[in-house]
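Visitor: So here's data_12.cif (mmCIF, C-alpha atoms and all ligand atoms).
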```cif
data_target
loop_
_atom_site.label_atom_id
_atom_site.label_comp_id
_atom_site.auth_asym_id
_atom_site.auth_seq_id
_atom_site.Cartn_x
_atom_site.Cartn_y
_atom_site.Cartn_z
CA MET X 1 58.09 33.15 87.50
CA ASN X 2 59.40 36.45 88.83
CA ASP X 3 56.51 38.92 88.91
CA THR X 4 58.61 42.01 89.66
CA THR X 5 59.10 44.79 87.12
CA LYS X 6 62.45 46.54 87.47
CA ILE X 7 62.53 50.20 86.50
CA LEU X 8 65.57 52.48 86.27
CA PHE X 9 65.14 56.25 85.85
CA VAL X 10 68.03 58.09 84.22
CA CYS X 11 68.90 61.79 83.96
CA LEU X 12 72.20 63.66 83.70
CA GLY X 13 73.37 64.20 87.28
CA ASN X 14 71.08 61.80 89.20
CA ILE X 15 70.50 64.53 91.78
CA CYS X 16 67.31 66.23 90.49
CA ARG X 17 64.96 64.56 88.01
CA SER X 18 65.66 60.83 88.23
CA PRO X 19 65.86 60.51 92.05
CA ALA X 20 62.62 62.53 92.24
CA ALA X 21 60.98 60.14 89.76
CA GLU X 22 62.23 57.24 91.87
CA GLY X 23 60.76 58.70 95.07
CA ILE X 24 57.45 59.56 93.44
CA LEU X 25 56.98 56.13 91.84
CA ARG X 26 57.90 54.43 95.11
CA ALA X 27 55.28 56.45 97.01
CA MET X 28 52.58 55.94 94.37
CA ALA X 29 53.28 52.20 94.18
CA ALA X 30 52.98 51.96 97.97
CA ARG X 31 49.69 53.88 97.86
CA ARG X 32 48.33 51.45 95.26
CA GLY X 33 49.54 48.45 97.28
CA VAL X 34 51.89 47.24 94.52
CA ALA X 35 55.26 48.21 96.05
CA ASP X 36 56.35 44.57 96.22
CA ARG X 37 55.79 44.17 92.48
CA ILE X 38 58.15 46.94 91.40
CA GLU X 39 61.86 47.46 91.92
CA ILE X 40 62.93 51.07 91.38
CA ASP X 41 66.33 52.73 91.09
CA SER X 42 67.86 55.77 89.39
CA ALA X 43 71.20 56.74 87.89
CA GLY X 44 72.92 59.54 85.95
CA THR X 45 74.82 59.52 82.68
CA TYR X 46 77.34 61.86 84.37
CA GLY X 47 79.11 60.46 87.45
CA GLY X 48 80.33 63.74 88.97
CA HIS X 49 77.71 63.76 91.75
CA ALA X 50 78.11 60.09 92.72
CA GLY X 51 77.38 59.44 96.38
CA GLN X 52 75.42 62.66 96.87
CA LEU X 53 71.86 63.01 98.12
CA PRO X 54 69.46 64.76 95.71
CA ASP X 55 69.85 68.52 95.28
CA THR X 56 68.53 70.42 98.33
CA ARG X 57 66.07 72.40 96.18
CA MET X 58 64.60 69.20 94.76
CA ARG X 59 64.43 67.52 98.17
CA ARG X 60 62.60 70.53 99.58
CA ALA X 61 60.11 70.81 96.69
CA ALA X 62 59.46 67.04 96.77
CA ALA X 63 59.01 67.03 100.58
CA GLN X 64 56.27 69.66 100.21
CA ARG X 65 54.37 67.11 98.13
CA GLY X 66 55.04 64.32 100.62
CA TYR X 67 57.97 62.58 98.92
CA GLU X 68 61.15 61.87 100.83
CA LEU X 69 64.16 61.55 98.53
CA THR X 70 66.99 59.48 100.02
CA HIS X 71 68.70 58.06 96.93
CA ARG X 72 72.50 58.37 96.65
CA ALA X 73 73.63 59.35 93.15
CA ARG X 74 75.44 56.86 90.96
CA GLN X 75 76.47 56.65 87.34
CA VAL X 76 74.59 54.35 84.96
CA ARG X 77 76.55 51.24 83.90
CA GLU X 78 76.26 48.65 81.18
CA GLU X 79 75.02 45.94 83.60
CA ASP X 80 71.93 48.10 84.18
CA PHE X 81 70.68 46.91 80.79
CA GLU X 82 70.62 43.33 82.07
CA ARG X 83 69.11 44.13 85.43
CA PHE X 84 66.24 46.44 84.47
CA ASP X 85 63.12 45.79 82.37
CA ARG X 86 62.59 49.47 81.58
CA ILE X 87 65.12 52.29 81.50
CA ILE X 88 63.22 55.57 81.52
CA VAL X 89 65.12 58.73 80.53
CA MET X 90 64.26 62.40 81.01
CA ASP X 91 65.55 64.11 77.85
CA ASP X 92 67.07 63.69 74.40
CA MET X 93 70.64 63.85 75.62
CA ASN X 94 70.00 61.00 78.12
CA TYR X 95 68.22 59.08 75.36
CA GLU X 96 71.17 59.34 73.00
CA THR X 97 73.76 58.55 75.67
CA LEU X 98 71.84 55.43 76.73
CA HIS X 99 71.47 54.28 73.13
CA ARG X 100 75.24 54.55 72.72
CA LEU X 101 75.74 52.51 75.92
CA ALA X 102 73.17 49.80 75.10
CA PRO X 103 74.99 46.49 74.51
CA SER X 104 72.41 45.14 72.03
CA ARG X 105 69.36 46.09 70.01
CA ALA X 106 67.15 44.22 72.49
CA ALA X 107 68.67 46.27 75.31
CA ALA X 108 68.06 49.52 73.40
CA GLN X 109 64.39 48.57 73.08
CA ARG X 110 64.09 48.80 76.86
CA ILE X 111 64.82 52.55 76.77
CA PHE X 112 61.77 54.83 77.06
CA ARG X 113 61.19 58.56 77.50
CA MET X 114 59.41 59.70 80.67
CA THR X 115 57.11 61.93 78.63
CA GLU X 116 55.74 58.86 76.78
CA PHE X 117 53.90 58.06 80.01
CA CYS X 118 52.57 61.60 80.65
CA ARG X 119 48.87 62.10 79.88
CA ARG X 120 48.15 65.51 81.39
CA HIS X 121 51.04 67.25 79.59
CA PRO X 122 50.54 66.63 75.89
CA GLY X 123 53.17 68.16 73.65
CA HIS X 124 56.03 67.68 76.09
CA SER X 125 58.81 65.51 74.68
CA TYR X 126 61.25 65.80 77.58
CA VAL X 127 61.50 66.65 81.28
CA PRO X 128 63.59 69.85 81.40
CA ASP X 129 66.76 70.06 83.45
CA PRO X 130 65.89 72.26 86.47
CA TYR X 131 69.46 72.64 87.73
CA TYR X 132 69.94 76.24 86.57
CA GLU X 133 66.29 77.22 87.10
CA GLY X 134 64.37 78.84 89.91
CA HIS X 135 61.76 77.21 92.13
CA GLU X 136 59.15 77.04 89.33
CA GLY X 137 61.53 74.84 87.35
CA PHE X 138 61.46 72.25 90.11
CA GLU X 139 57.67 72.45 90.45
CA ARG X 140 57.26 71.95 86.69
CA VAL X 141 59.53 68.91 86.82
CA LEU X 142 57.53 67.43 89.72
CA ASP X 143 54.25 68.00 87.83
CA LEU X 144 55.61 66.10 84.82
CA LEU X 145 57.08 63.33 86.96
CA GLU X 146 53.83 62.77 88.89
CA ASP X 147 51.96 62.57 85.59
CA GLY X 148 54.50 60.13 84.13
CA CYS X 149 54.63 57.91 87.23
CA GLU X 150 50.85 57.50 87.18
CA GLY X 151 51.13 56.54 83.51
CA ILE X 152 53.87 54.01 84.29
CA LEU X 153 51.79 52.33 87.01
CA ASP X 154 48.75 52.17 84.72
CA SER X 155 50.87 50.72 81.92
CA LEU X 156 52.12 47.99 84.26
CA ASP X 157 48.52 47.16 85.23
CA SER X 158 47.50 46.81 81.60
CA THR X 159 50.59 44.74 80.75
CA LYS X 160 49.68 42.41 83.63
CA ALA X 161 46.06 42.20 82.50
CA ALA X 162 47.13 41.39 78.92
CA THR X 163 49.57 38.74 80.16
CA ARG X 164 46.88 37.14 82.30
CA LYS X 165 44.46 37.08 79.39
CA GLY X 166 47.07 35.58 77.08
P1 LIG P 1 69.59 66.16 86.88
O1 LIG P 1 70.05 67.70 87.00
O2 LIG P 1 70.18 65.64 85.59
O3 LIG P 1 68.10 66.24 86.83
O4 LIG P 1 70.13 65.47 88.10
C1 LIG P 1 71.38 68.11 86.89
C2 LIG P 1 72.24 67.97 87.95
C3 LIG P 1 73.54 68.41 87.84
C4 LIG P 1 73.99 68.99 86.66
C5 LIG P 1 73.12 69.12 85.61
C6 LIG P 1 71.82 68.67 85.71
N1 LIG P 1 75.32 69.48 86.56
O5 LIG P 1 75.64 70.07 85.53
O6 LIG P 1 76.11 69.29 87.49
#
```
Could you take the file, read its structure, and then write that structure out as structure tokens?
Ligand code: 4NP
Guide:
Amino acid sequence: MNDTTKILFVCLGNICRSPAAEGILRAMAARRGVADRIEIDSAGTYGGHAGQLPDTRMRRAAAQRGYELTHRARQVREEDFERFDRIIVMDDMNYETLHRLAPSRAAAQRIFRMTEFCRRHPGHSYVPDPYYEGHEGFERVLDLLEDGCEGILDSLDSTKAATRKG
């Protein structure tokens, strides 16, 4: 049986929030020694930045925390619902767009919000778009994403433990 969990992060442009989430989860998975058990990618609901590296401001803020962001932006596509086990979105607009794209009810059940995995930021229901914000906007996004990525890794551990028990 294939033991890999495939995770796709989705935001609007795929140049700020979702590629940062991808880089953070990759680094945290490597630190925990579980990198080979997770496949990670990211995409945007809007394709206008396709092919671009993440926004310079996000790359700089992430690098200061030790994350190198090298993803090239791409637009989300219907096949992503077949390929990925979890599709994790940043805000309500992404959530609604992905629900409209989902080819089946089962596929729609694989859509989650990033904030569902955050434990140190109660009361947040979305990761805000930092594109038109100053530096603090990017720092706030990274705080939320680090929190959420830890939650995702812990949730995978407990899913594994439950599966083993069952
Ligand atoms: P992201 O941020 O969705 O976190 O990648 C944005 C990037 C680009 C735009 C909006 C948000 N834009 O309007 O071009």
Visitor: May I have the residues at most 7 Å from (69.0, 55.1, 85.8) in the file's coordinates, counting all atoms listed in the file, as an NGL selection string?
Guide: :X and (8-11 or 41-44 or 76 or 87)
Visitor: If you count all atoms listed in the file, which residues fall within 12 Å of Gly137 (chain X), apart from same-chain ones fewer than 5 positions away, as a short mmCIF file (atom, residue, chain, number, x, y, z; two decimals) with C-alpha atoms, in the frame of the given file?
Guide:
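Generated output (result16.cif):
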```
data_model
loop_
_atom_site.label_atom_id
_atom_site.label_comp_id
_atom_site.auth_asym_id
_atom_site.auth_seq_id
_atom_site.Cartn_x
_atom_site.Cartn_y
_atom_site.Cartn_z
CA CYS X 16 67.31 66.23 90.49
CA ARG X 17 64.96 64.56 88.01
CA ARG X 57 66.07 72.40 96.18
CA MET X 58 64.60 69.20 94.76
CA ALA X 61 60.11 70.81 96.69
CA VAL X 127 61.50 66.65 81.28
CA PRO X 128 63.59 69.85 81.40
CA ASP X 129 66.76 70.06 83.45
CA PRO X 130 65.89 72.26 86.47
CA TYR X 131 69.46 72.64 87.73
CA TYR X 132 69.94 76.24 86.57
CA LEU X 142 57.53 67.43 89.72
CA ASP X 143 54.25 68.00 87.83
CA LEU X 144 55.61 66.10 84.82
#
```
Visitor: Calculated over only C-alpha atoms and all ligand atoms, which of the candidates X:Cys149, X:Ile38, X:Ala30, X:Ala50 has the smallest distance to ligand LIG 1 (chain P)?
Guide: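 Looking at the shortest contact to ligand LIG 1 (chain P), the residue is X:Ala50.
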Visitor: So for ligand LIG 1 (chain P), what box centre and size do we get, axis-aligned, 3 Å extra on each of the six sides, every listed atom, Å to one decimal, as AutoDock Vina command-line options?
Guide:
```
--center_x 72.1 --center_y 67.8 --center_z 86.8 --size_x 14.0 --size_y 10.6 --size_z 8.6
```
Visitor: Quick one: distance from CA of Ala62 (chain X) to CA of Phe84 (chain X) in Å, one decimal?
Guide: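 So the two atoms, CA of Ala62 (chain X) and CA of Phe84 (chain X), lie 24.9 Å apart.
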